Each structure stands twice: as structure tokens, then as C-alpha cells.
>>> print(open('coords_31.cif').read())   # mmCIF, C-alpha atoms
data_model
loop_
_atom_site.label_atom_id
_atom_site.label_comp_id
_atom_site.auth_asym_id
_atom_site.auth_seq_id
_atom_site.Cartn_x
_atom_site.Cartn_y
_atom_site.Cartn_z
CA MET A 7 -24.88 -8.07 -15.27
CA ARG A 8 -24.58 -5.47 -18.02
CA ARG A 9 -21.93 -6.00 -20.68
CA GLU A 10 -19.75 -3.04 -19.67
CA TRP A 11 -19.50 -4.28 -16.09
CA LEU A 12 -18.50 -7.75 -17.27
CA VAL A 13 -15.73 -6.12 -19.31
CA LEU A 14 -14.54 -4.12 -16.29
CA VAL A 15 -14.56 -7.19 -14.03
CA ALA A 16 -12.73 -9.41 -16.54
CA THR A 17 -10.04 -6.85 -17.43
CA SER A 18 -9.52 -5.96 -13.76
CA ALA A 19 -9.27 -9.63 -12.75
CA ILE A 20 -6.54 -10.48 -15.24
CA MET A 21 -4.72 -7.23 -14.41
CA VAL A 22 -4.67 -8.13 -10.69
CA PHE A 23 -3.33 -11.55 -11.57
CA ALA A 24 -0.69 -10.22 -13.98
CA SER A 25 0.58 -7.51 -11.63
CA ALA A 26 0.73 -10.02 -8.76
CA THR A 27 2.66 -12.68 -10.64
CA VAL A 28 4.79 -10.76 -13.12
CA PHE A 29 6.26 -8.03 -10.96
CA SER A 30 5.12 -7.99 -7.34
CA SER A 31 5.97 -11.55 -6.31
CA LEU A 32 8.71 -12.41 -8.78
CA GLY A 33 11.42 -11.16 -6.43
CA VAL A 34 10.16 -13.54 -3.71
CA VAL A 35 10.14 -16.53 -6.08
CA LEU A 36 13.51 -15.66 -7.63
CA PHE A 37 15.04 -15.48 -4.16
CA ALA A 38 13.91 -19.07 -3.48
CA MET A 39 15.10 -20.25 -6.90
CA ALA A 40 18.46 -18.50 -6.49
CA ARG A 41 19.09 -20.25 -3.17
CA GLU A 42 18.36 -23.66 -4.69
CA PHE A 43 20.48 -23.11 -7.81
CA HIS A 44 23.17 -21.01 -6.04
CA TRP A 45 22.75 -18.02 -8.36
CA SER A 46 24.48 -14.73 -7.52
CA ASP A 47 22.48 -11.55 -6.86
CA ALA A 48 23.48 -10.22 -10.28
CA ALA A 49 22.39 -13.44 -12.03
CA ALA A 50 19.00 -13.44 -10.29
CA GLY A 51 18.56 -9.74 -11.05
CA GLY A 52 19.20 -10.55 -14.70
CA ALA A 53 15.82 -12.29 -14.86
CA PHE A 54 14.15 -9.02 -13.91
CA THR A 55 16.23 -7.27 -16.55
CA VAL A 56 14.98 -9.67 -19.23
CA LEU A 57 11.41 -9.28 -17.94
CA VAL A 58 11.43 -5.49 -18.07
CA LEU A 59 13.20 -5.32 -21.45
CA THR A 60 10.73 -7.66 -23.15
CA CYS A 61 7.80 -5.94 -21.47
CA CYS A 62 8.91 -2.52 -22.65
CA VAL A 63 9.90 -3.61 -26.17
CA SER A 64 6.48 -5.23 -26.65
CA HIS A 65 4.43 -2.49 -24.98
CA LEU A 66 3.36 -0.88 -28.28
CA ALA A 67 2.33 -4.27 -29.72
CA PRO A 68 -1.30 -4.05 -28.46
CA VAL A 69 -1.98 -0.98 -30.63
CA PRO A 70 -1.80 -2.77 -34.03
CA LEU A 71 -3.17 -6.00 -32.50
CA ILE A 72 -6.30 -4.19 -31.32
CA ALA A 73 -6.85 -3.07 -34.91
CA ARG A 74 -6.33 -6.54 -36.36
CA ILE A 75 -7.86 -8.99 -33.88
CA GLY A 76 -9.59 -6.76 -31.32
CA ALA A 77 -8.84 -5.96 -27.70
CA ARG A 78 -10.53 -9.13 -26.40
CA TRP A 79 -8.30 -11.51 -28.32
CA THR A 80 -5.25 -9.35 -27.61
CA ILE A 81 -5.86 -9.91 -23.88
CA VAL A 82 -6.58 -13.62 -24.39
CA CYS A 83 -3.33 -14.04 -26.34
CA GLY A 84 -1.52 -12.27 -23.52
CA GLY A 85 -3.04 -14.63 -20.98
CA ALA A 86 -1.96 -17.64 -23.06
CA ILE A 87 1.61 -16.31 -23.24
CA LEU A 88 1.63 -15.74 -19.47
CA SER A 89 0.49 -19.33 -18.97
CA LEU A 90 3.29 -20.58 -21.22
CA ALA A 91 5.74 -18.54 -19.15
CA PHE A 92 4.50 -20.18 -15.96
CA LEU A 93 4.93 -23.61 -17.54
CA VAL A 94 8.52 -22.85 -18.55
CA ALA A 95 9.25 -21.39 -15.10
CA ALA A 96 7.88 -24.49 -13.36
CA ALA A 97 10.27 -26.62 -15.42
CA THR A 98 13.30 -24.37 -14.81
CA SER A 99 16.59 -26.23 -14.61
CA GLY A 100 18.98 -23.28 -14.89
CA LEU A 101 19.41 -19.60 -15.67
CA LEU A 102 18.65 -19.92 -19.38
CA THR A 103 15.23 -21.46 -18.75
CA CYS A 104 14.54 -18.83 -16.10
CA TYR A 105 15.40 -16.02 -18.52
CA VAL A 106 13.14 -17.51 -21.23
CA ALA A 107 10.26 -17.61 -18.75
CA ALA A 108 10.98 -14.02 -17.70
CA GLY A 109 10.92 -12.87 -21.33
CA LEU A 110 7.57 -14.55 -21.94
CA LEU A 111 6.20 -12.94 -18.77
CA GLY A 112 7.15 -9.51 -20.12
CA ILE A 113 5.43 -10.08 -23.46
CA GLY A 114 2.32 -11.52 -21.85
CA PHE A 115 2.03 -8.64 -19.41
CA SER A 116 2.16 -6.07 -22.23
CA LEU A 117 -0.76 -7.75 -23.98
CA VAL A 118 -3.06 -8.02 -20.94
CA ALA A 119 -2.18 -4.74 -19.24
CA ASN A 120 -3.32 -1.14 -19.57
CA THR A 121 -3.48 -0.42 -23.31
CA PRO A 122 -6.20 -2.93 -24.38
CA ALA A 123 -8.03 -2.63 -21.06
CA ILE A 124 -8.23 1.16 -21.17
CA TYR A 125 -9.38 0.95 -24.80
CA LEU A 126 -12.21 -1.38 -23.76
CA ILE A 127 -13.23 0.50 -20.61
CA ALA A 128 -13.18 3.88 -22.36
CA GLY A 129 -15.20 2.48 -25.26
CA TRP A 130 -17.86 0.86 -23.07
CA PHE A 131 -18.23 3.55 -20.40
CA ALA A 132 -17.87 6.68 -22.61
CA ASP A 133 -18.51 9.71 -20.36
CA ARG A 134 -17.87 7.64 -17.21
CA ALA A 135 -14.56 6.37 -18.59
CA PRO A 136 -12.16 8.45 -16.42
CA ARG A 137 -13.83 7.28 -13.22
CA MET A 138 -13.92 3.64 -14.34
CA ILE A 139 -10.29 3.74 -15.48
CA GLY A 140 -9.45 4.91 -11.97
CA VAL A 141 -11.38 1.96 -10.54
CA TYR A 142 -9.54 -0.40 -12.88
CA MET A 143 -6.14 0.96 -11.86
CA MET A 144 -7.03 0.76 -8.17
CA ILE A 145 -8.16 -2.86 -8.49
CA GLY A 146 -5.05 -3.70 -10.52
CA THR A 147 -2.74 -2.48 -7.76
CA LEU A 148 -4.23 -5.12 -5.44
CA GLY A 149 -1.86 -7.51 -7.17
CA GLY A 150 0.98 -5.87 -5.29
CA ALA A 151 -0.73 -6.69 -1.99
CA ILE A 152 -1.82 -10.21 -2.87
CA GLY A 153 1.16 -11.52 -4.83
CA PRO A 154 4.07 -11.61 -2.34
CA PRO A 155 2.21 -13.25 0.59
CA VAL A 156 0.64 -15.86 -1.71
CA ALA A 157 4.01 -16.60 -3.28
CA GLN A 158 5.67 -16.87 0.12
CA GLY A 159 2.93 -19.18 1.38
CA LEU A 160 3.14 -21.55 -1.60
CA ILE A 161 6.94 -21.59 -1.57
CA ALA A 162 6.88 -22.56 2.12
CA THR A 163 4.97 -25.79 1.28
CA ASP A 164 6.58 -29.07 0.25
CA GLY A 165 6.06 -28.18 -3.41
CA GLY A 166 8.21 -25.06 -3.08
CA TRP A 167 8.58 -22.62 -5.95
CA ARG A 168 7.61 -25.22 -8.57
CA LEU A 169 4.19 -25.57 -6.93
CA TYR A 170 3.81 -21.81 -7.06
CA TRP A 171 4.44 -21.71 -10.82
CA ALA A 172 2.09 -24.66 -11.40
CA ALA A 173 -0.68 -22.91 -9.44
CA MET A 174 -0.16 -19.74 -11.47
CA LEU A 175 -0.34 -21.79 -14.70
CA ALA A 176 -3.78 -23.16 -13.76
CA THR A 177 -5.02 -19.72 -12.69
CA GLY A 178 -3.71 -18.06 -15.85
CA LEU A 179 -5.48 -20.53 -18.12
CA ALA A 180 -8.74 -20.10 -16.19
CA LEU A 181 -8.61 -16.30 -16.42
CA SER A 182 -7.83 -16.44 -20.15
CA ILE A 183 -11.01 -18.45 -20.65
CA VAL A 184 -12.99 -15.95 -18.55
CA CYS A 185 -11.72 -13.08 -20.71
CA ALA A 186 -12.60 -14.91 -23.92
CA LEU A 187 -16.14 -15.52 -22.65
CA PHE A 188 -17.00 -12.16 -21.12
CA ILE A 189 -15.03 -9.47 -22.94
CA ARG A 190 -16.59 -7.94 -26.05
CA GLU A 191 -15.43 -5.09 -28.26
CA PRO A 192 -16.98 -1.69 -27.49
CA PRO A 193 -19.62 -0.18 -29.80
CA ALA A 194 -17.98 1.13 -32.96
CA ALA A 195 -19.10 4.73 -32.38
CA THR A 196 -17.59 5.05 -28.91
CA ALA A 197 -14.53 3.02 -29.87
CA ALA A 198 -13.78 5.48 -32.64
CA GLY A 199 -14.24 8.39 -30.29
CA VAL A 200 -11.90 7.20 -27.53
CA ASN A 201 -9.51 4.93 -29.37
CA PRO A 202 -6.07 5.33 -27.77
CA GLY A 203 -4.12 4.51 -30.89
CA LEU A 204 -2.10 7.23 -32.55
CA ALA A 205 -0.29 6.35 -35.76
CA PRO A 206 3.49 6.69 -35.22
CA LYS A 207 3.89 8.08 -38.73
CA ASP A 208 1.64 11.05 -37.97
CA TRP A 209 3.56 14.28 -37.41
CA ALA A 210 1.55 15.17 -34.27
CA TYR A 211 2.88 12.04 -32.54
CA TRP A 212 6.50 13.08 -33.00
CA ASP A 213 5.77 16.67 -31.99
CA MET A 214 4.21 15.35 -28.81
CA LEU A 215 7.34 13.28 -28.05
CA ARG A 216 9.51 16.38 -28.43
CA SER A 217 7.43 18.57 -26.15
CA PRO A 218 9.12 19.52 -22.83
CA ARG A 219 6.03 18.45 -20.91
CA PHE A 220 6.14 14.94 -22.33
CA ILE A 221 9.88 14.63 -21.65
CA VAL A 222 9.49 15.56 -17.98
CA ILE A 223 6.53 13.22 -17.49
CA ALA A 224 8.34 10.39 -19.31
CA ILE A 225 11.46 10.72 -17.14
CA ALA A 226 9.31 10.74 -14.00
CA MET A 227 7.55 7.54 -15.10
CA VAL A 228 10.76 5.79 -16.16
CA LEU A 229 12.38 6.55 -12.80
CA THR A 230 9.25 5.39 -10.97
CA GLN A 231 9.24 2.14 -12.93
CA THR A 232 12.95 1.64 -12.23
CA CYS A 233 12.37 2.10 -8.50
CA MET A 234 9.34 -0.21 -8.51
CA ILE A 235 11.12 -2.99 -10.39
CA THR A 236 14.28 -2.70 -8.32
CA VAL A 237 12.38 -2.74 -5.02
CA SER A 238 10.34 -5.80 -6.06
CA SER A 239 13.49 -7.55 -7.26
CA VAL A 240 16.03 -6.92 -4.52
CA THR A 241 14.02 -6.46 -1.31
CA PRO A 242 14.07 -10.16 -0.28
CA SER A 243 17.85 -10.37 -0.82
CA HIS A 244 18.39 -6.93 0.73
CA PHE A 245 16.48 -7.92 3.86
CA ALA A 246 18.41 -11.20 4.02
CA HIS A 247 21.67 -9.20 3.99
CA LEU A 248 20.29 -7.10 6.84
CA GLY A 249 19.24 -10.14 8.85
CA TRP A 250 15.49 -10.06 8.17
CA SER A 251 13.66 -13.29 7.27
CA ALA A 252 12.30 -14.17 3.82
CA GLY A 253 8.78 -14.35 5.25
CA PHE A 254 9.13 -10.82 6.60
CA ALA A 255 10.19 -9.59 3.16
CA GLY A 256 7.15 -11.16 1.50
CA GLY A 257 4.83 -9.61 4.08
CA ILE A 258 6.41 -6.17 3.68
CA LEU A 259 6.09 -6.25 -0.12
CA GLY A 260 2.46 -7.30 0.25
CA LEU A 261 1.78 -4.49 2.72
CA GLN A 262 3.43 -2.00 0.40
CA GLY A 263 1.13 -3.18 -2.40
CA LEU A 264 -1.88 -2.73 -0.11
CA VAL A 265 -0.79 0.82 0.69
CA GLY A 266 -0.41 1.45 -3.05
CA THR A 267 -3.93 0.17 -3.68
CA ALA A 268 -5.40 2.51 -1.06
CA ALA A 269 -3.32 5.41 -2.35
CA THR A 270 -4.50 4.80 -5.94
CA GLY A 271 -8.13 4.90 -4.85
CA VAL A 272 -7.68 8.09 -2.86
CA SER A 273 -5.56 9.80 -5.53
CA GLY A 274 -8.26 9.18 -8.14
CA TRP A 275 -10.59 11.28 -6.01
CA LEU A 276 -7.89 13.83 -5.19
CA SER A 277 -7.07 14.36 -8.87
CA GLU A 278 -10.50 15.98 -9.27
CA LYS A 279 -9.72 18.47 -6.49
CA PHE A 280 -5.97 19.09 -6.79
CA GLU A 281 -3.64 19.76 -9.68
CA PRO A 282 -2.19 16.42 -10.93
CA ARG A 283 1.13 18.15 -11.56
CA LEU A 284 1.48 18.96 -7.85
CA MET A 285 0.36 15.44 -6.95
CA LEU A 286 3.19 14.11 -9.11
CA VAL A 287 5.72 16.39 -7.39
CA ALA A 288 4.64 15.24 -3.92
CA ALA A 289 4.58 11.59 -5.00
CA LEU A 290 8.12 11.71 -6.41
CA ILE A 291 9.40 13.20 -3.14
CA ALA A 292 7.61 10.46 -1.19
CA GLU A 293 9.21 7.85 -3.45
CA ALA A 294 12.64 9.32 -2.79
CA VAL A 295 12.11 9.21 0.98
CA GLY A 296 10.93 5.61 0.71
CA MET A 297 13.98 4.53 -1.28
CA LEU A 298 16.36 6.13 1.23
CA LEU A 299 14.53 4.45 4.13
CA LEU A 300 14.73 1.07 2.40
CA GLY A 301 18.44 1.52 1.72
CA TRP A 302 19.14 1.75 5.44
CA ALA A 303 16.31 -0.37 6.87
CA GLY A 304 18.04 -1.07 10.17
CA SER A 305 14.92 -1.04 12.33
CA VAL A 306 11.27 -2.06 12.08
CA TRP A 307 10.03 1.53 12.17
CA GLN A 308 12.21 2.39 9.15
CA VAL A 309 10.79 -0.56 7.25
CA TYR A 310 7.20 0.47 7.92
CA ALA A 311 7.99 4.10 7.12
CA PHE A 312 9.36 2.85 3.79
CA VAL A 313 6.11 0.93 3.18
CA ILE A 314 4.03 4.08 3.63
CA ALA A 315 6.29 6.54 1.79
CA PHE A 316 7.12 4.33 -1.19
CA GLY A 317 3.70 2.67 -1.41
CA VAL A 318 1.99 6.07 -1.62
CA GLY A 319 4.70 7.56 -3.84
CA TRP A 320 4.74 5.05 -6.68
CA ALA A 321 0.95 4.62 -6.75
CA VAL A 322 0.20 8.34 -6.90
CA SER A 323 3.00 8.88 -9.43
CA CYS A 324 1.51 6.32 -11.84
CA LEU A 325 -1.99 7.76 -11.61
CA ALA A 326 -0.79 11.37 -11.83
CA VAL A 327 1.27 10.59 -14.94
CA THR A 328 -1.75 8.96 -16.62
CA VAL A 329 -4.02 11.91 -15.82
CA LEU A 330 -1.40 14.45 -16.91
CA LEU A 331 -0.90 12.74 -20.27
CA VAL A 332 -4.62 12.63 -21.01
CA GLU A 333 -5.11 16.24 -19.87
CA SER A 334 -2.14 17.44 -21.91
CA PHE A 335 -2.59 15.51 -25.16
CA GLY A 336 -6.15 14.13 -25.17
CA ASN A 337 -7.49 10.58 -24.83
CA ARG A 338 -6.03 9.13 -28.03
CA ALA A 339 -2.63 10.75 -28.00
CA GLY A 340 -2.39 10.57 -24.20
CA THR A 341 -2.84 6.82 -24.12
CA ALA A 342 -0.44 6.39 -27.04
CA ALA A 343 2.02 8.53 -25.08
CA LEU A 344 1.61 6.23 -22.06
CA ALA A 345 2.36 3.16 -24.19
CA THR A 346 5.41 4.94 -25.60
CA ILE A 347 6.63 5.83 -22.12
CA PHE A 348 6.40 2.20 -21.07
CA THR A 349 8.53 1.36 -24.09
CA PHE A 350 11.10 3.92 -22.96
CA ALA A 351 10.90 2.35 -19.51
CA GLY A 352 13.13 -0.41 -20.83
CA ALA A 353 15.78 1.59 -18.99
CA ALA A 354 14.19 0.25 -15.80
CA ALA A 355 15.61 -3.13 -16.73
CA LEU A 356 19.02 -1.86 -15.69
CA GLY A 357 17.86 -1.36 -12.10
CA PRO A 358 17.85 -4.95 -10.76
CA SER A 359 21.01 -6.00 -12.59
CA ALA A 360 22.90 -2.85 -11.57
CA ALA A 361 21.72 -3.25 -7.98
CA GLY A 362 22.83 -6.88 -8.00
CA MET A 363 26.28 -5.99 -9.33
CA ILE A 364 26.66 -3.25 -6.72
CA ALA A 365 25.61 -5.71 -4.02
CA ASP A 366 28.10 -8.31 -5.26
CA ALA A 367 30.85 -5.66 -5.15
CA THR A 368 29.97 -3.95 -1.86
CA GLY A 369 28.06 -6.62 0.03
CA SER A 370 24.93 -4.43 0.27
CA PHE A 371 22.09 -3.07 -1.84
CA SER A 372 22.04 0.19 0.16
CA LEU A 373 24.16 2.20 -2.27
CA ALA A 374 22.02 1.24 -5.27
CA LEU A 375 18.72 1.97 -3.49
CA ASP A 376 19.94 5.32 -2.16
CA GLY A 377 21.30 6.29 -5.58
CA LEU A 378 17.91 5.70 -7.19
CA GLY A 379 16.21 7.67 -4.45
CA LEU A 380 18.46 10.68 -4.98
CA MET A 381 17.60 10.78 -8.70
CA LEU A 382 13.93 11.58 -7.97
CA PRO A 383 14.03 15.10 -6.38
CA PRO A 384 15.52 16.83 -9.47
CA ILE A 385 12.74 15.52 -11.73
CA ALA A 386 10.21 16.52 -9.05
CA CYS A 387 11.54 20.08 -9.34
CA ALA A 388 11.23 19.95 -13.13
CA ALA A 389 7.63 18.72 -12.80
CA PHE A 390 6.85 21.58 -10.43
CA PHE A 391 7.90 24.16 -13.01
CA MET A 392 6.12 22.52 -15.97
CA LYS A 393 3.81 24.81 -17.92
CA MET A 394 0.16 24.02 -17.40
CA ARG A 395 -1.11 24.72 -20.89
CA PHE A 396 -1.66 22.08 -23.58
CA MET A 397 1.73 21.18 -25.00
CA ASN A 398 1.28 20.16 -28.61
CA ALA A 399 4.20 21.43 -30.65
CA GLY A 400 2.32 21.06 -33.93
CA SER A 401 -0.11 23.47 -35.50
CA ARG A 402 -3.12 21.43 -34.47
CA ALA A 403 -4.23 19.03 -31.78
CA PRO A 404 -4.63 15.37 -32.75
CA GLY A 405 -8.07 14.88 -34.27
CA PRO A 406 -10.30 11.83 -34.66
CA GLU A 407 -8.92 11.12 -38.11
CA ILE A 408 -5.50 10.30 -36.65
CA ALA A 409 -6.84 7.19 -34.94
CA ALA A 410 -8.95 6.01 -37.87
CA GLY A 411 -6.44 3.35 -38.86
CA TYR A 412 -6.76 1.75 -35.43
CA ARG A 413 -10.53 1.59 -35.23
CA VAL A 414 -11.96 -1.85 -34.51
CA GLU A 415 -15.17 -2.32 -36.40
#
>>> encode(input="coords_31.cif", output="C-alpha cells")
Amino acid sequence: MRREWLVLVATSAIMVFASATVFSSLGVVLFAMAREFHWSDAAAGGAFTVLVLTCCVSHLAPVPLIARIGARWTIVCGGAILSLAFLVAAATSGLLTCYVAAGLLGIGFSLVANTPAIYLIAGWFADRAPRMIGVYMMIGTLGGAIGPPVAQGLIATDGGWRLYWAAMLATGLALSIVCALFIREPPAATAAGVNPGLAPKDWAYWDMLRSPRFIVIAIAMVLTQTCMITVSSVTPSHFAHLGWSAGFAGGILGLQGLVGTAATGVSGWLSEKFEPRLMLVAALIAEAVGMLLLGWAGSVWQVYAFVIAFGVGWAVSCLAVTVLLVESFGNRAGTAALATIFTFAGAAALGPSAAGMIADATGSFSLALDGLGLMLPPIACAAFFMKMRFMNAGSRAPGPEIAAGYRVE
């Protein structure tokens, strides 16, 4: 197999694993842990808050690490940190240990996720990079389909949630070794041409952050992340409050992830035929409908309607945001903008904790889920009226020299 395909396979494999374990199935596992330790909804949601905060705070860390140790070892370090998190989680004896594990999960995810992988894929595939990045993102979303059912199945065994964490520890170590063996840095010429790093001290970076287009896209992504994290966190408890079984919740989250995977694949093709801005508008509206359906999931048809609307909405939103950033600001600045947005997405950490506190006070998650859903249509309107031209507030577009400090030789 050619080197570039080995890189794509290795980065996609660890992304599937990370998305499955860090976000998609954590709500299922936390629900089982909370029942054993008698944690409140707010306390269990706090683990998600720690996870999202650490993930967002560390999301810019891969940029300097790629320059110093390379993208391969950045991903391997991330895999090692994920494995340490699984070890701590397996030995959990209380909330403090759980929060430490959640924090390590957030850091590990930042190091194995999009920034180093997109750097590698863009560097190896050059002109085919946009298509291959779409393939990578589609494969990565499979984690949402695989994670919850696997977690539910392992938790249902005699080993319970500790067996689940132990199995993830073994898998994480194995994938870290695979990445160390098969990932190589891209050729220096292509790496310099597509490097996503953009020095924060450069004036063009700050002008980009102040542009109206970036602000609208950033808010859309932050709200999408908040909805995704909150849904993954509270759905098992929300369904329990409504009388649905834990197994049903795991299956629904897995099905939603499968819908998201299919939607990502289709939207990659659609983005070549339709305006990504309009795709983002439609996706945000679909997300809103999904959140409202989940808030009042009183019947099976409402639950499955939520799966379709929200699964399509969040997947298309994420891809549309990525495409819009690259189209608006170029490969280097666009990817730096995406990393910055994920740092801003620390606000998403408030979602699970706030939802848990509302549930403790009202006896239901419905108000929190509906409130998040109603925040999406206004930003969809703002996205609809965004200007289509390149939005760089400075006197020049970012050039190759901006990224020179991040080139990996």
C-alpha cells in the first residue's frame, strides 16, 4: 500500500476510536457509573464539562507540536494520553478520579483529532486533499455509530463499565503503536504549501478573527458543538426520566451517529454542487428541529425523527463550517481558524452541566434541550445573509511566509 494511503488509514482509525470513546459513548458509560456511585445529574454532567473544557483549551496545542516533533508523534502522544485516561477511568473510585480521566480524554482527543490529521492528509494528497479530507471526516463520524452500542454491550456484561474502560485501554495502546509505525511526515514541499498553521502574532490572524464572516461561522460551530455534547451527555438520563431503557438510549445514539456518517459522506459530494453557506443554514435548522423533538420525545416516532433531523444537522454543519473556512480564508488560515473555533467551543462545556442543573431543579431535561434548539434559528438567519466574498480584513491575504515558522522539515 502506498504511503499516503497508510497515513489516511491510520489517522482515520484513531479518529474513529477517539470520537467513539471520548464523546459518543461517554454519556452511556457515565450513566452506568452515576447509578453505581449515586451521582446526581449535575455531578455526572460535570465530567463532560471538564472533558470539553480541557479539549478546547488544548485544541491549539497541535500547531506548535507539529513544528517541534511532527504530526506523527503528536498523534502518538495523543493516543498515549487517551490510554492513560482509560486507565484512570477504569480505576475510578469517585468523582475526582472521574474528572481527572475526563480531563485527560479532552487533551488526548485534541492531539489525535483534526489538526494533525488534516495537516498530514493535505500534505500527502496535495491536489486530492479536499476529497480525502472529506473521506477522513466521514470515516471519523463512524465513531458516533459504533461507540454507544459497543459501550452498552460491554457494560451489560459481568465486568460492567470497568471492563469497558479496560478494553478501550488495550485498543488505545494498539492504535498508538499502529500510528507510530505507519504515519510519516509529508514531503517538505507539499507540507509547506498546505501547512495549516498560522502564527497567532501575525496581524492577518487577528483580522480574520474580527471579520463578520468568521464570527458567524464560529457561533454556528460553537452552538453545534454545545448541542452535540449535551445530547451525548444527557440522552441516557433523559430517556430514563421518560421511561425508556438504557439499552434503547445506547441504540438511538448509535443510530444517530450512523445517520451522521451517511450525511457527512453525502454532504461532501453536495458541497461541490451547492453553496456551503446554504448547506449550513439548512443544517442548523435541522439541528433545531432535532433538539426540539428530543426535548419532548414522548413517542417512538419522535425519537426516530430526532435521529434523522439531528444526525443530518450536526454532521452537515461540521462539514459546511470546515469548507466555508477554507473557502473564505485559504488552507492555512482556514485550518488555523477551525482550531481557534474549537478553542472557543469551550463554551460547549456549559451545556451538560447546565442541563443537569435544570434537570435537578425541574425533574426533566426538556427545558434545556428546547432552549438550545431555539438558539439555532437566529444564527441560521445570520449565516443566510453572510457576504460571499473573501473576508480578510487586512490589506493582503495570508501568504506562504506566514506559515513558515510551522513547517516540519
>>> resolve_selection(input="coords_31.cif", expression="the PyMOL selection byres ((chain A and resi 286-292) around 10)", output="PyMOL selection string")
chain A and resi 223+226-227+229-230+281-285+293-297+312+314-327+330+379-391
>>> write_last_selection(input="coords_31.cif", atoms="C-alpha atoms", output="compact mmCIF listing (two decimals), keeping the file's coordinate frame")
# COMPACT_ATOMS: atom_id res chain seq x y z
CA ILE A 223 6.53 13.22 -17.49
CA ALA A 226 9.31 10.74 -14.00
CA MET A 227 7.55 7.54 -15.10
CA LEU A 229 12.38 6.55 -12.80
CA THR A 230 9.25 5.39 -10.97
CA GLU A 281 -3.64 19.76 -9.68
CA PRO A 282 -2.19 16.42 -10.93
CA ARG A 283 1.13 18.15 -11.56
CA LEU A 284 1.48 18.96 -7.85
CA MET A 285 0.36 15.44 -6.95
CA GLU A 293 9.21 7.85 -3.45
CA ALA A 294 12.64 9.32 -2.79
CA VAL A 295 12.11 9.21 0.98
CA GLY A 296 10.93 5.61 0.71
CA MET A 297 13.98 4.53 -1.28
CA PHE A 312 9.36 2.85 3.79
CA ILE A 314 4.03 4.08 3.63
CA ALA A 315 6.29 6.54 1.79
CA PHE A 316 7.12 4.33 -1.19
CA GLY A 317 3.70 2.67 -1.41
CA VAL A 318 1.99 6.07 -1.62
CA GLY A 319 4.70 7.56 -3.84
CA TRP A 320 4.74 5.05 -6.68
CA ALA A 321 0.95 4.62 -6.75
CA VAL A 322 0.20 8.34 -6.90
CA SER A 323 3.00 8.88 -9.43
CA CYS A 324 1.51 6.32 -11.84
CA LEU A 325 -1.99 7.76 -11.61
CA ALA A 326 -0.79 11.37 -11.83
CA VAL A 327 1.27 10.59 -14.94
CA LEU A 330 -1.40 14.45 -16.91
CA GLY A 379 16.21 7.67 -4.45
CA LEU A 380 18.46 10.68 -4.98
CA MET A 381 17.60 10.78 -8.70
CA LEU A 382 13.93 11.58 -7.97
CA PRO A 383 14.03 15.10 -6.38
CA PRO A 384 15.52 16.83 -9.47
CA ILE A 385 12.74 15.52 -11.73
CA ALA A 386 10.21 16.52 -9.05
CA CYS A 387 11.54 20.08 -9.34
CA ALA A 388 11.23 19.95 -13.13
CA ALA A 389 7.63 18.72 -12.80
CA PHE A 390 6.85 21.58 -10.43
CA PHE A 391 7.90 24.16 -13.01
>>> closest_residue(input="coords_31.cif", among="A:Val35, A:Ile72, A:Cys62, A:Ile152", to="A:Arg168", atoms="only C-alpha atoms")
A:Val35
>>> resolve_selection(input="coords_31.cif", expression="the PyMOL selection byres ((chain A and resi 363) around 12)", output="list in words")
Ser46, Asp47, Ala48, Ala49, Ala50, Gly51, Gly52, Val240, Leu356, Gly357, Pro358, Ser359, Ala360, Ala361, Gly362, Ile364, Ala365, Asp366, Ala367, Thr368, Gly369, Ser370, Phe371, Leu373 and Ala374 of chain A
>>> closest_residue(input="coords_31.cif", among="A:Ser89, A:Thr17, A:Thr267, A:Ser116", to="A:Cys61", atoms="only C-alpha atoms")
A:Ser116
>>> resolve_selection(input="coords_31.cif", expression="the PyMOL selection byres ((chain A and resi 18) around 8)", output="VMD selection string")
chain A and resid 14 to 17 19 to 22 142 to 143 145 to 146
